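Trainee: First the structure, which I've put down as structure tokens, then a few questions once you've had a look.
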Amino acid sequence: MESCSFRPATAPSPFPSAPSSSSSSPRAPCPHLRFPRPRNGRQIRVRRRASGFDAFPPLPGKVFVDEAIGAEYGEGFETFRMDGPIKVDVDYLNEKLQECFLQRIRHAMKPDEAFGLIFSWDNVIADTDSLKLDAWRQLALEEGKDIPSAAHVRKSILHGAADHVLRKVLYWAKEEYKMEKLKARLIELYYENLFKLDTPVEGLREWLDAVQTAGIPCAVASSLDRRCMIEALDRMALSKYFKAIVTDEDDMESIANRFLSAAMKLDRKPSKCVVFEDDPRGVTAAHNCTMMAVALIGAHPAYELVQADLAIAKYSELSVINLRRLFANKGISFMDLQKQIIEKAPPRRRLTVDTIF
């Protein structure tokens, strides 16, 4: 009997167990912020005191760090099943997540349902650049420092690791203790700003409505803590659109591994998935996973996103038919307006009839 799908061990929907937004208190900045860490069964507190931090426990999620792209040679990650650990990589998922007979019939009638959409969190679902800038400005105000207005400094604080920025760009910290203190405070300020976030990127809700109507499953991939991610989606009223989420608790070591994990949770082959990204590194990671990439112009200029299969300035430029065209091997050239070249007809030859008498 043909197996219909290669199901992941996680539940199809991550949201029923999430606490409701009305019952969660960390919307406003508070002296004690608690984040669950289910991997070690304990909670981590971020303590804010007037005299500074007494200790620097590991904070939830990976914020202000440089992540590896991953899957440069098709490598993946290791996961566990009842019969033992298995190695999951790009080729393995493309082979195991084949459609069964009934799915092929359904997708023949409704071809859009064969796709899977994976949304990155940063600047694709939420404007996280403004959160990062606000966190850096608040930290500078607390420390009595100034942030230069040069373009390369802005780019570093938005896309660089906090260690590098503090040491090599802003020169705020030389000692290890000082740097750890500033970094911990920076991350705390970022999460305080995140707890206030309740507005998605412009046009995203309308695009998700269209995708949901077409029956295309969606996932969101982020390095944030799971609880913070779910609460943020609840505040923006976007939880209903996402069948799966990938967060810090999934222990993915690279951007590509998060995309592969999302495809696995969606039960879609990587080669049938479309990644929505704003970063050239994310576009590269998507292509390493044999996925299509749609890039949002904004955080990075268009010339840095030329490797994407399609680059858009806003979601209103998209329609579901665009997804079909991406998989028709047309790429971005098929999205542009095309002019049909009408060749001039050759001049008619004048025929003469010679009459021989």
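Labeling convention for the structure tokens: chains A, B, ... as they appear, residues from 1 per chain, ligands from 1 in order of appearance.
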For Gln307 in chain A, work out the shell of residues within 12 Å, counting only C-alpha atoms and skipping chain neighbours fewer than 3 positions away, then give it as number ranges by chain.
Mentor: A: 277-288, 292-295, 302-304, 310-311, 331-332
Trainee: Find the residues near Val169 in chain A: any atom within 8 Å, counting only C-alpha atoms, skip ones fewer than 4 places away on the same chain, and give them as a CSV table (one decimal) with N, CA and C atoms, in the first residue's frame.
Mentor:
```csv
chain,number,residue,atom,x,y,z
A,153,VAL,N,27.4,52.2,9.2
A,153,VAL,CA,27.1,51.9,10.6
A,153,VAL,C,25.7,51.4,10.8
A,156,SER,N,25.5,47.9,9.7
A,156,SER,CA,26.2,47.0,10.6
A,156,SER,C,25.3,46.7,11.8
A,164,HIS,N,30.4,42.1,17.1
A,164,HIS,CA,31.2,42.8,16.1
A,164,HIS,C,30.9,44.3,16.2
A,165,VAL,N,29.6,44.6,16.3
A,165,VAL,CA,29.2,46.1,16.3
A,165,VAL,C,29.8,46.8,17.6
```
Trainee: DSSP says strand (DSSP E or B) for which residues of range 117-158 of chain A? Put them as a list in words?
Mentor: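 Selection result, strand (DSSP E or B) within range 117-158 of chain A: Leu117, Ile118, Phe119, Ser120, Asp122 and Ala126 of chain A.
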Trainee: Mind dumping the selected residues with N, CA, C and O atoms as an mmCIF file, in the first residue's frame?
Mentor:
```cif
data_model
loop_
_atom_site.group_PDB
_atom_site.id
_atom_site.type_symbol
_atom_site.label_atom_id
_atom_site.label_comp_id
_atom_site.auth_asym_id
_atom_site.auth_seq_id
_atom_site.Cartn_x
_atom_site.Cartn_y
_atom_site.Cartn_z
ATOM 1 N N LEU A 117 4.367 27.561 1.262
ATOM 2 C CA LEU A 117 4.985 28.870 1.410
ATOM 3 C C LEU A 117 5.644 28.975 2.779
ATOM 4 O O LEU A 117 5.039 28.643 3.798
ATOM 5 N N ILE A 118 6.890 29.433 2.789
ATOM 6 C CA ILE A 118 7.657 29.587 4.026
ATOM 7 C C ILE A 118 8.043 31.062 4.149
ATOM 8 O O ILE A 118 8.725 31.606 3.281
ATOM 9 N N PHE A 119 7.587 31.685 5.223
ATOM 10 C CA PHE A 119 7.838 33.101 5.445
ATOM 11 C C PHE A 119 8.903 33.267 6.525
ATOM 12 O O PHE A 119 8.778 32.735 7.627
ATOM 13 N N SER A 120 9.941 34.007 6.193
ATOM 14 C CA SER A 120 10.890 34.414 7.218
ATOM 15 C C SER A 120 10.235 35.471 8.095
ATOM 16 O O SER A 120 9.322 36.174 7.666
ATOM 17 N N ASP A 122 11.863 38.149 9.930
ATOM 18 C CA ASP A 122 12.429 39.494 9.881
ATOM 19 C C ASP A 122 12.056 40.223 8.604
ATOM 20 O O ASP A 122 12.386 39.785 7.489
ATOM 21 N N ALA A 126 7.064 40.973 10.034
ATOM 22 C CA ALA A 126 7.079 42.153 10.900
ATOM 23 C C ALA A 126 8.273 43.036 10.569
ATOM 24 O O ALA A 126 9.306 42.547 10.107
#
```
Trainee: For CA of Ile187 in chain A and CA of Val63 in chain A, quote the distance in Å rounded to one decimal.
Mentor: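 That distance, rounded to one decimal, is 7.0 Å.
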Trainee: Just checking: using only C-alpha atoms, which residue out of A:Leu158, A:Asp309, A:Val274, A:Ser222 ends up closest to Arg258 in chain A?
Mentor: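 The shortest atom-to-atom distance to Arg258 in chain A comes from A:Ser222.
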Trainee: Report, in Å to a single decimal, how far apart CA of Leu194 in chain A and CA of Cys228 in chain A are.
Mentor: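 Here the two named atoms are 8.2 Å from each other.
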Trainee: Have a look at A:Leu189, A:Ile86, A:Leu260, A:Val65 and name the one nearest to Asp163 in chain A; count only C-alpha atoms.
Mentor: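 Closest to Asp163 in chain A of all the choices is A:Val65.
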Trainee: From the options A:Leu170, A:Val88, A:Ala219, A:Leu204, which residue's atoms come nearest to Asp146 in chain A, counting only C-alpha atoms?
Mentor: A:Leu170
Trainee: Could you pull out the residues in range 117-193 of chain A that DSSP calls alpha helix (DSSP H) from the backbone, as a VMD selection string?
Mentor: chain A and resid 128 to 143 151 to 159 162 to 164 176 to 193
Trainee: Which residues come within 7 Å of Cys273 in chain A, counting only C-alpha atoms, excluding same-chain residues fewer than 2 positions away, as a list in words?
Mentor: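 Contacts, in chain order: Phe115, Gly116, Leu117, Arg268, Lys269, Pro270, Ser271, Val275, Met291 and Met292 of chain A.
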Trainee: Deliver the residues from the most recent selection as a file, using C-alpha atoms, as a short mmCIF file (atom, residue, chain, number, x, y, z; two decimals), in the first residue's frame.
Mentor:
```cif
data_model
loop_
_atom_site.label_atom_id
_atom_site.label_comp_id
_atom_site.auth_asym_id
_atom_site.auth_seq_id
_atom_site.Cartn_x
_atom_site.Cartn_y
_atom_site.Cartn_z
CA PHE A 115 2.90 24.33 -3.10
CA GLY A 116 4.12 25.34 0.33
CA LEU A 117 4.99 28.87 1.41
CA ARG A 268 5.76 19.47 1.09
CA LYS A 269 8.87 18.67 -0.91
CA PRO A 270 11.51 21.42 -0.70
CA SER A 271 11.41 21.68 -4.48
CA VAL A 275 10.51 31.12 0.57
CA MET A 291 13.30 26.08 -3.10
CA MET A 292 12.12 29.14 -4.99
#
```
Trainee: May I have the residues within 10 Å of Leu233 in chain A as an MDAnalysis selection string, using only C-alpha atoms and disregarding those fewer than 6 positions away in the same chain?
Mentor: chainID A and resid 15 21 125:126 197:200 220 227 239:242
Trainee: Give me a file of those residues, with all heavy atoms, as a compact mmCIF listing (two decimals), in the first residue's frame.
Mentor:
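Listing of out-v3.txt after writing:
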```txt
# COMPACT_ATOMS: atom_id res chain seq x y z
N PHE A 15 -0.54 26.12 17.34
CA PHE A 15 -1.17 27.21 18.06
C PHE A 15 -2.15 26.83 19.16
O PHE A 15 -2.35 27.62 20.07
CB PHE A 15 -1.88 28.15 17.07
CG PHE A 15 -0.93 28.76 16.11
CD1 PHE A 15 -0.83 28.30 14.81
CD2 PHE A 15 -0.11 29.78 16.51
CE1 PHE A 15 0.07 28.86 13.93
CE2 PHE A 15 0.79 30.35 15.63
CZ PHE A 15 0.88 29.89 14.35
N SER A 21 -3.55 35.87 24.15
CA SER A 21 -2.90 37.15 24.34
C SER A 21 -3.45 37.89 25.55
O SER A 21 -2.78 38.71 26.15
CB SER A 21 -3.07 38.01 23.07
OG SER A 21 -4.44 38.16 22.79
N ILE A 125 7.31 39.34 7.79
CA ILE A 125 6.05 39.35 8.54
C ILE A 125 5.96 40.61 9.39
O ILE A 125 4.90 41.23 9.48
CB ILE A 125 5.93 38.09 9.41
CG1 ILE A 125 5.76 36.86 8.50
CG2 ILE A 125 4.77 38.20 10.37
CD1 ILE A 125 5.62 35.56 9.24
N ALA A 126 7.06 40.97 10.03
CA ALA A 126 7.08 42.15 10.90
C ALA A 126 8.27 43.04 10.57
O ALA A 126 9.31 42.55 10.11
CB ALA A 126 7.13 41.73 12.37
N LEU A 197 4.72 44.95 19.62
CA LEU A 197 4.46 44.85 18.18
C LEU A 197 3.09 44.21 17.93
O LEU A 197 2.80 43.13 18.44
CB LEU A 197 5.56 44.01 17.52
CG LEU A 197 5.48 43.84 16.01
CD1 LEU A 197 5.72 45.17 15.31
CD2 LEU A 197 6.50 42.81 15.54
N ASP A 198 2.27 44.89 17.14
CA ASP A 198 0.95 44.35 16.83
C ASP A 198 0.52 44.61 15.39
O ASP A 198 -0.65 44.42 15.04
CB ASP A 198 -0.11 44.91 17.79
CG ASP A 198 -0.19 46.44 17.74
OD1 ASP A 198 0.55 47.04 16.94
OD2 ASP A 198 -0.99 47.02 18.51
N THR A 199 1.45 45.05 14.55
CA THR A 199 1.12 45.38 13.16
C THR A 199 2.03 44.63 12.22
O THR A 199 3.26 44.75 12.32
CB THR A 199 1.26 46.90 12.91
OG1 THR A 199 0.47 47.61 13.87
CG2 THR A 199 0.80 47.25 11.50
N PRO A 200 1.48 43.86 11.28
CA PRO A 200 2.34 43.16 10.31
C PRO A 200 2.78 44.08 9.19
O PRO A 200 2.37 45.24 9.11
CB PRO A 200 1.42 42.05 9.79
CG PRO A 200 0.04 42.63 9.90
CD PRO A 200 0.07 43.52 11.11
N VAL A 220 5.98 29.75 9.13
CA VAL A 220 6.85 30.87 9.45
C VAL A 220 8.10 30.33 10.13
O VAL A 220 8.02 29.44 10.97
CB VAL A 220 6.12 31.90 10.35
CG1 VAL A 220 5.58 31.26 11.61
CG2 VAL A 220 7.06 33.05 10.72
N ARG A 227 7.47 30.90 22.37
CA ARG A 227 6.37 31.60 23.02
C ARG A 227 6.27 33.04 22.51
O ARG A 227 5.16 33.54 22.25
CB ARG A 227 6.57 31.58 24.53
CG ARG A 227 5.51 32.37 25.29
CD ARG A 227 5.79 32.36 26.77
NE ARG A 227 4.91 33.27 27.48
CZ ARG A 227 4.99 33.53 28.77
NH1 ARG A 227 5.92 32.94 29.50
NH2 ARG A 227 4.17 34.38 29.35
N SER A 239 -2.20 34.15 13.40
CA SER A 239 -1.98 32.74 13.76
C SER A 239 -2.75 31.77 12.87
O SER A 239 -2.26 30.69 12.55
CB SER A 239 -2.36 32.52 15.23
OG SER A 239 -1.56 33.30 16.09
N LYS A 240 -3.95 32.17 12.47
CA LYS A 240 -4.82 31.26 11.71
C LYS A 240 -4.25 30.94 10.33
O LYS A 240 -4.67 29.95 9.70
CB LYS A 240 -6.21 31.87 11.57
CG LYS A 240 -6.22 33.16 10.76
CD LYS A 240 -7.64 33.72 10.62
CE LYS A 240 -7.66 35.00 9.80
NZ LYS A 240 -9.05 35.52 9.63
N TYR A 241 -3.31 31.73 9.85
CA TYR A 241 -2.80 31.53 8.50
C TYR A 241 -1.66 30.51 8.43
O TYR A 241 -1.35 30.03 7.34
CB TYR A 241 -2.30 32.85 7.92
CG TYR A 241 -3.37 33.90 7.75
CD1 TYR A 241 -3.40 35.03 8.57
CD2 TYR A 241 -4.36 33.77 6.78
CE1 TYR A 241 -4.36 36.00 8.42
CE2 TYR A 241 -5.33 34.74 6.62
CZ TYR A 241 -5.33 35.86 7.45
OH TYR A 241 -6.30 36.82 7.30
N PHE A 242 -1.05 30.19 9.55
CA PHE A 242 0.16 29.38 9.54
C PHE A 242 -0.10 28.00 10.11
O PHE A 242 -0.54 27.85 11.25
CB PHE A 242 1.28 30.08 10.30
CG PHE A 242 1.71 31.37 9.67
CD1 PHE A 242 1.31 32.59 10.21
CD2 PHE A 242 2.49 31.36 8.53
CE1 PHE A 242 1.70 33.77 9.62
CE2 PHE A 242 2.88 32.54 7.93
CZ PHE A 242 2.48 33.76 8.47
```
Trainee: Rank nothing, just name the residue among A:Lys132, A:Arg205, A:Arg106, A:Arg226 nearest to Gly160 in chain A, using only C-alpha atoms.
Mentor: A:Lys132
